[in-house]
Amino acid sequence: MNCPRLKEWLEERYDLEGMKRLAKSKLIPEHRYDLWYYTGGITLFLFIIQFLTGMLLAFYYVPHIDFAHKSIIEIVTKLNMGWFFRSLHHWGAQLTIVFLFIHLFGTLLLKSYRKPRELVWVTGFILLGISIFFGLSGYLLLWDERAFAAVRVATGGAGAFPFIGGFIKAFLRGSMDVTGDTLLRFYAFHVAILPILTLGLIGLHILLVQHHGMSVPLSLQAEKRREIPFFPNVFYKDLAIWLVITGVLVTLTVFLPPEIGVKADPLAPPPENVKPEWYFLFLMETLKLFPGVILGMNGETIAIMLVAAAILFFFLIPFFDRKSALGEKSPLFTWIGVIYLLYFLTMTAVGFLS
Amino acid sequence: MRKLSSVKGFLSRFFPVRLVLPMAALLLLSGMAAAAPAPLAEKIAVFPTAPFYIYIVYESLVVFWLFIIGLLVIIRMKLREIERVHAMGADKDDPGAPLLQ
């Protein structure tokens with residue numbers, strides 16, 4: 001499509017040629033680890049899919065305890081292609097978190113967080129936290145007995161945190177227990193507060209990546225390497241990967257549509273063997289390792305504090321790893337990253353199998 | 001064989017053989033019904049149930065994958081062309097080139 005008048009109109013107002021030159025002048029290093037660069041783009045693409053499918057579902061979802069469950073059943077059974085978009089949203093969420101974890105561990109093991117990119121790591125880490133909260137809040141919107149029990153356990157666990165636990169629990173639930181207030185609160189988080197925070201943070205994250213350029217692993221910095229322009233070379237590769245991801249996503253959507261359980265009943269006993277979403281399994285298994293009482297203190301509180309400390313340390317790794325900031329190799333932090341990854345994978349597998 | 005047929009004849013006199021199978025089936029069913037747990041709540045269909053619709057969905061999935069593979073081939077061809085142009089250096093501006101207009 002060629003619209004010379006529109007082009008002229010735009011060029012009179014904006015420096016389109018300058019933008020084109022900028023896109024062509026942006027160079028991406030080419031090396032044996034450059035596949036990791038694409039994980040960020042995949043995550044961004046999945047976020048876009050989540051926004052679009054979420055908007056479609058929001059047209060029909062009713063955030064009220066009497067109608068929430070029914071409205072989802074109606075979306076799935078009565079709306080044309082409703083089952084497809086709900087399943088797409090569900091699998092999109094799963095894949096987003098999978099790729100966020102891959103992107104995070106890739107960044108950690110390649111030390112892409114090192115000076116001057118600490119803030120890129122910080123914004124990305126916060127985005128992961130927000131995405132996990134996206135998952136938790138979206139899970140409750142289904143308002144079935146499993147989601148209800150899982151959110152009751154998750155918010156109860158947050159309540160075990162010393163000093164501020166009670167406040168966090170009350171803030172999340174909006175009342176003493178998981179009720180209609182919690183549903184409404186989680187809906188507000190899921191469709192308004194978290195999307196705004198996500199958009200802002202994604203914008204900042206991309207801006208920082210553009211500002212600093214792509215990070216090259218320490219082991220390859222001394223080597224002479226080729227650089228390829230972002231547009232069109234990397235852009236086309238990104239497109240190809242996004243197409244494959246779309247295919248995988250649609251295949252999962254069709255073959256494994258998520259089930260809808262029985263409507264939540266706050267007075268009924270929780271169903272047997274309730275498990276949270278897969279990305280909370282490592283946390284659940286960690287909490288199981290601790291006895292009820294340790295040295296006269298609440299075991300759950302100690303476990304929550306230890307997990308929080310481990311996550312805080314993970315978050316602050318760029319500020320602790322002084323060696324890689326100076327451009328030296330830091331095998332200690334590589335091992336720390338490997339241990340974190342193995343622990344996460346093992347505990348998630350144990351959670352699945354138990 | 002003779003022995004077997006005589007046993008069969010003896011049995012049929014007191015217990016008609018053709019009733020054995022329906023009775024066994026009835027007993028089995030009644031036993032299963034007694035041992036069965038309480039009926040579960042009806043499972044909500046999260047996927048189309050009409051065979052025609054299911055066929056359309058799977059067919060569309062196949063077409064979708066063919067479309068993706070086609071696009072991947074086109075992108076691959078385009079990338080090769082770009083790399084060839086880069087290798088020739090034909091994408092660089094030549095300041096000494098005459099202006100056609």
# chains A, B, ... in the order shown; residues from 1 in each chain; ligands from 1
call {"tool": "interface_residues", "arguments": {"of": "chain A", "to": "chain B", "cutoff": "10 Å", "atoms": "only C-alpha atoms", "output": "VMD selection string"}}
result
chain A and resid 73 75 to 77 81 to 84 86 to 87 228 232 to 237 239 to 241 243 to 244 246 to 248 250 to 251 253 to 262
call {"tool": "write_last_selection", "arguments": {"atoms": "C-alpha atoms", "output": "mmCIF file, in the first residue's frame"}}
result
data_model
loop_
_atom_site.group_PDB
_atom_site.id
_atom_site.type_symbol
_atom_site.label_atom_id
_atom_site.label_comp_id
_atom_site.auth_asym_id
_atom_site.auth_seq_id
_atom_site.Cartn_x
_atom_site.Cartn_y
_atom_site.Cartn_z
ATOM 1 C CA ILE A 73 -19.677 -20.541 31.766
ATOM 2 C CA ILE A 75 -18.545 -17.016 27.749
ATOM 3 C CA VAL A 76 -17.355 -20.583 27.162
ATOM 4 C CA THR A 77 -20.610 -22.264 26.191
ATOM 5 C CA MET A 81 -15.540 -18.567 19.931
ATOM 6 C CA GLY A 82 -15.809 -17.670 23.624
ATOM 7 C CA TRP A 83 -14.142 -20.961 24.642
ATOM 8 C CA PHE A 84 -11.268 -20.155 22.286
ATOM 9 C CA ARG A 86 -10.800 -17.839 27.266
ATOM 10 C CA SER A 87 -8.433 -20.730 26.590
ATOM 11 C CA ILE A 228 23.508 -6.818 12.334
ATOM 12 C CA PRO A 232 15.078 -5.428 8.995
ATOM 13 C CA ASN A 233 17.284 -8.429 10.010
ATOM 14 C CA VAL A 234 16.420 -8.895 13.687
ATOM 15 C CA PHE A 235 12.886 -7.638 13.157
ATOM 16 C CA TYR A 236 12.183 -10.427 10.638
ATOM 17 C CA LYS A 237 13.695 -13.041 12.966
ATOM 18 C CA LEU A 239 8.472 -11.995 13.496
ATOM 19 C CA ALA A 240 9.342 -15.610 12.634
ATOM 20 C CA ILE A 241 9.677 -16.556 16.320
ATOM 21 C CA LEU A 243 4.665 -16.777 14.462
ATOM 22 C CA VAL A 244 5.908 -20.067 15.905
ATOM 23 C CA THR A 246 1.412 -18.083 18.086
ATOM 24 C CA GLY A 247 1.144 -21.557 16.555
ATOM 25 C CA VAL A 248 2.156 -23.265 19.801
ATOM 26 C CA VAL A 250 -3.186 -21.769 19.499
ATOM 27 C CA THR A 251 -2.421 -25.504 19.524
ATOM 28 C CA THR A 253 -5.585 -23.490 23.308
ATOM 29 C CA VAL A 254 -7.375 -26.021 21.124
ATOM 30 C CA PHE A 255 -6.075 -29.242 22.647
ATOM 31 C CA LEU A 256 -6.027 -28.305 26.323
ATOM 32 C CA PRO A 257 -8.829 -25.857 27.119
ATOM 33 C CA PRO A 258 -8.840 -25.125 30.865
ATOM 34 C CA GLU A 259 -11.578 -26.716 32.940
ATOM 35 C CA ILE A 260 -14.173 -24.839 34.967
ATOM 36 C CA GLY A 261 -14.761 -26.282 38.436
ATOM 37 C CA VAL A 262 -17.770 -26.171 40.721
#
call {"tool": "atom_distance", "arguments": {"atom1": "CA of Trp9 (chain A)", "atom2": "CA of Phe231 (chain A)"}}
result
23.9 Å
call {"tool": "atom_distance", "arguments": {"atom1": "CA of Val85 (chain B)", "atom2": "CA of Asn2 (chain A)"}}
result
23.3 Å
call {"tool": "atom_distance", "arguments": {"atom1": "CA of Leu283 (chain A)", "atom2": "CA of Ala154 (chain A)"}}
result
10.1 Å
call {"tool": "select_by_dssp", "arguments": {"residues": "region 255-292 of chain A", "states": "alpha helix (DSSP H)", "output": "PyMOL selection string"}}
result
chain A and resi 255+281-289
call {"tool": "write_last_selection", "arguments": {"atoms": "C-alpha atoms", "output": "short mmCIF file (atom, residue, chain, number, x, y, z; two decimals), in the first residue's frame"}}
result
data_model
loop_
_atom_site.label_atom_id
_atom_site.label_comp_id
_atom_site.auth_asym_id
_atom_site.auth_seq_id
_atom_site.Cartn_x
_atom_site.Cartn_y
_atom_site.Cartn_z
CA PHE A 255 -6.08 -29.24 22.65
CA LEU A 281 4.44 -24.78 43.63
CA PHE A 282 8.08 -24.19 44.65
CA LEU A 283 6.84 -21.82 47.35
CA MET A 284 4.25 -24.32 48.60
CA GLU A 285 6.83 -27.14 48.74
CA THR A 286 9.30 -24.88 50.56
CA LEU A 287 6.69 -24.04 53.19
CA LYS A 288 6.02 -27.77 53.64
CA LEU A 289 9.68 -28.35 54.56
#
call {"tool": "residues_around", "arguments": {"residues": "Pro266 (chain A)", "least_positions_apart": "6", "cutoff": "10 Å", "atoms": "only C-alpha atoms", "output": "count of residues only"}}
result
7
call {"tool": "residues_around", "arguments": {"residues": "region 163-168 of chain A", "least_positions_apart": "5", "cutoff": "12 Å", "atoms": "only C-alpha atoms", "output": "ChimeraX atom specification"}}
result
/A:154-158,173-176,300-301,304-305
call {"tool": "decode", "arguments": {"residues": "region 16-34 of chain A", "atoms": "N, CA and C atoms", "output": "short mmCIF file (atom, residue, chain, number, x, y, z; two decimals), in the first residue's frame"}}
result
data_model
loop_
_atom_site.label_atom_id
_atom_site.label_comp_id
_atom_site.auth_asym_id
_atom_site.auth_seq_id
_atom_site.Cartn_x
_atom_site.Cartn_y
_atom_site.Cartn_z
N LEU A 16 10.07 11.44 9.75
CA LEU A 16 9.97 10.01 9.47
C LEU A 16 11.28 9.42 8.97
N GLU A 17 11.97 10.22 8.12
CA GLU A 17 13.25 9.74 7.58
C GLU A 17 14.26 9.53 8.70
N GLY A 18 14.24 10.47 9.64
CA GLY A 18 15.16 10.37 10.80
C GLY A 18 14.87 9.11 11.60
N MET A 19 13.56 8.80 11.77
CA MET A 19 13.16 7.59 12.52
C MET A 19 13.65 6.34 11.79
N LYS A 20 13.49 6.37 10.44
CA LYS A 20 13.92 5.23 9.63
C LYS A 20 15.43 5.02 9.78
N ARG A 21 16.15 6.14 9.70
CA ARG A 21 17.62 6.06 9.83
C ARG A 21 18.00 5.49 11.19
N LEU A 22 17.27 5.93 12.24
CA LEU A 22 17.55 5.47 13.61
C LEU A 22 17.33 3.96 13.72
N ALA A 23 16.20 3.49 13.13
CA ALA A 23 15.90 2.05 13.19
C ALA A 23 16.97 1.25 12.46
N LYS A 24 17.46 1.81 11.32
CA LYS A 24 18.47 1.09 10.54
C LYS A 24 19.84 1.14 11.21
N SER A 25 20.07 2.23 11.96
CA SER A 25 21.41 2.38 12.56
C SER A 25 21.52 1.57 13.86
N LYS A 26 20.39 1.11 14.40
CA LYS A 26 20.46 0.32 15.63
C LYS A 26 21.02 -1.06 15.30
N LEU A 27 22.15 -1.37 15.92
CA LEU A 27 22.83 -2.62 15.62
C LEU A 27 22.73 -3.60 16.78
N ILE A 28 22.58 -4.86 16.43
CA ILE A 28 22.47 -5.93 17.45
C ILE A 28 23.68 -6.86 17.30
N PRO A 29 24.39 -7.13 18.39
CA PRO A 29 25.53 -8.04 18.28
C PRO A 29 25.09 -9.46 17.92
N GLU A 30 25.91 -10.10 17.09
CA GLU A 30 25.59 -11.48 16.69
C GLU A 30 26.64 -12.41 17.31
N HIS A 31 26.21 -13.35 18.11
CA HIS A 31 27.13 -14.31 18.73
C HIS A 31 26.37 -15.58 19.08
N ARG A 32 27.06 -16.54 19.74
CA ARG A 32 26.41 -17.85 19.95
C ARG A 32 25.31 -17.82 21.02
N TYR A 33 25.24 -16.75 21.80
CA TYR A 33 24.18 -16.67 22.82
C TYR A 33 23.07 -15.70 22.41
N ASP A 34 23.07 -15.24 21.16
CA ASP A 34 22.11 -14.17 20.80
C ASP A 34 20.65 -14.64 20.77
#
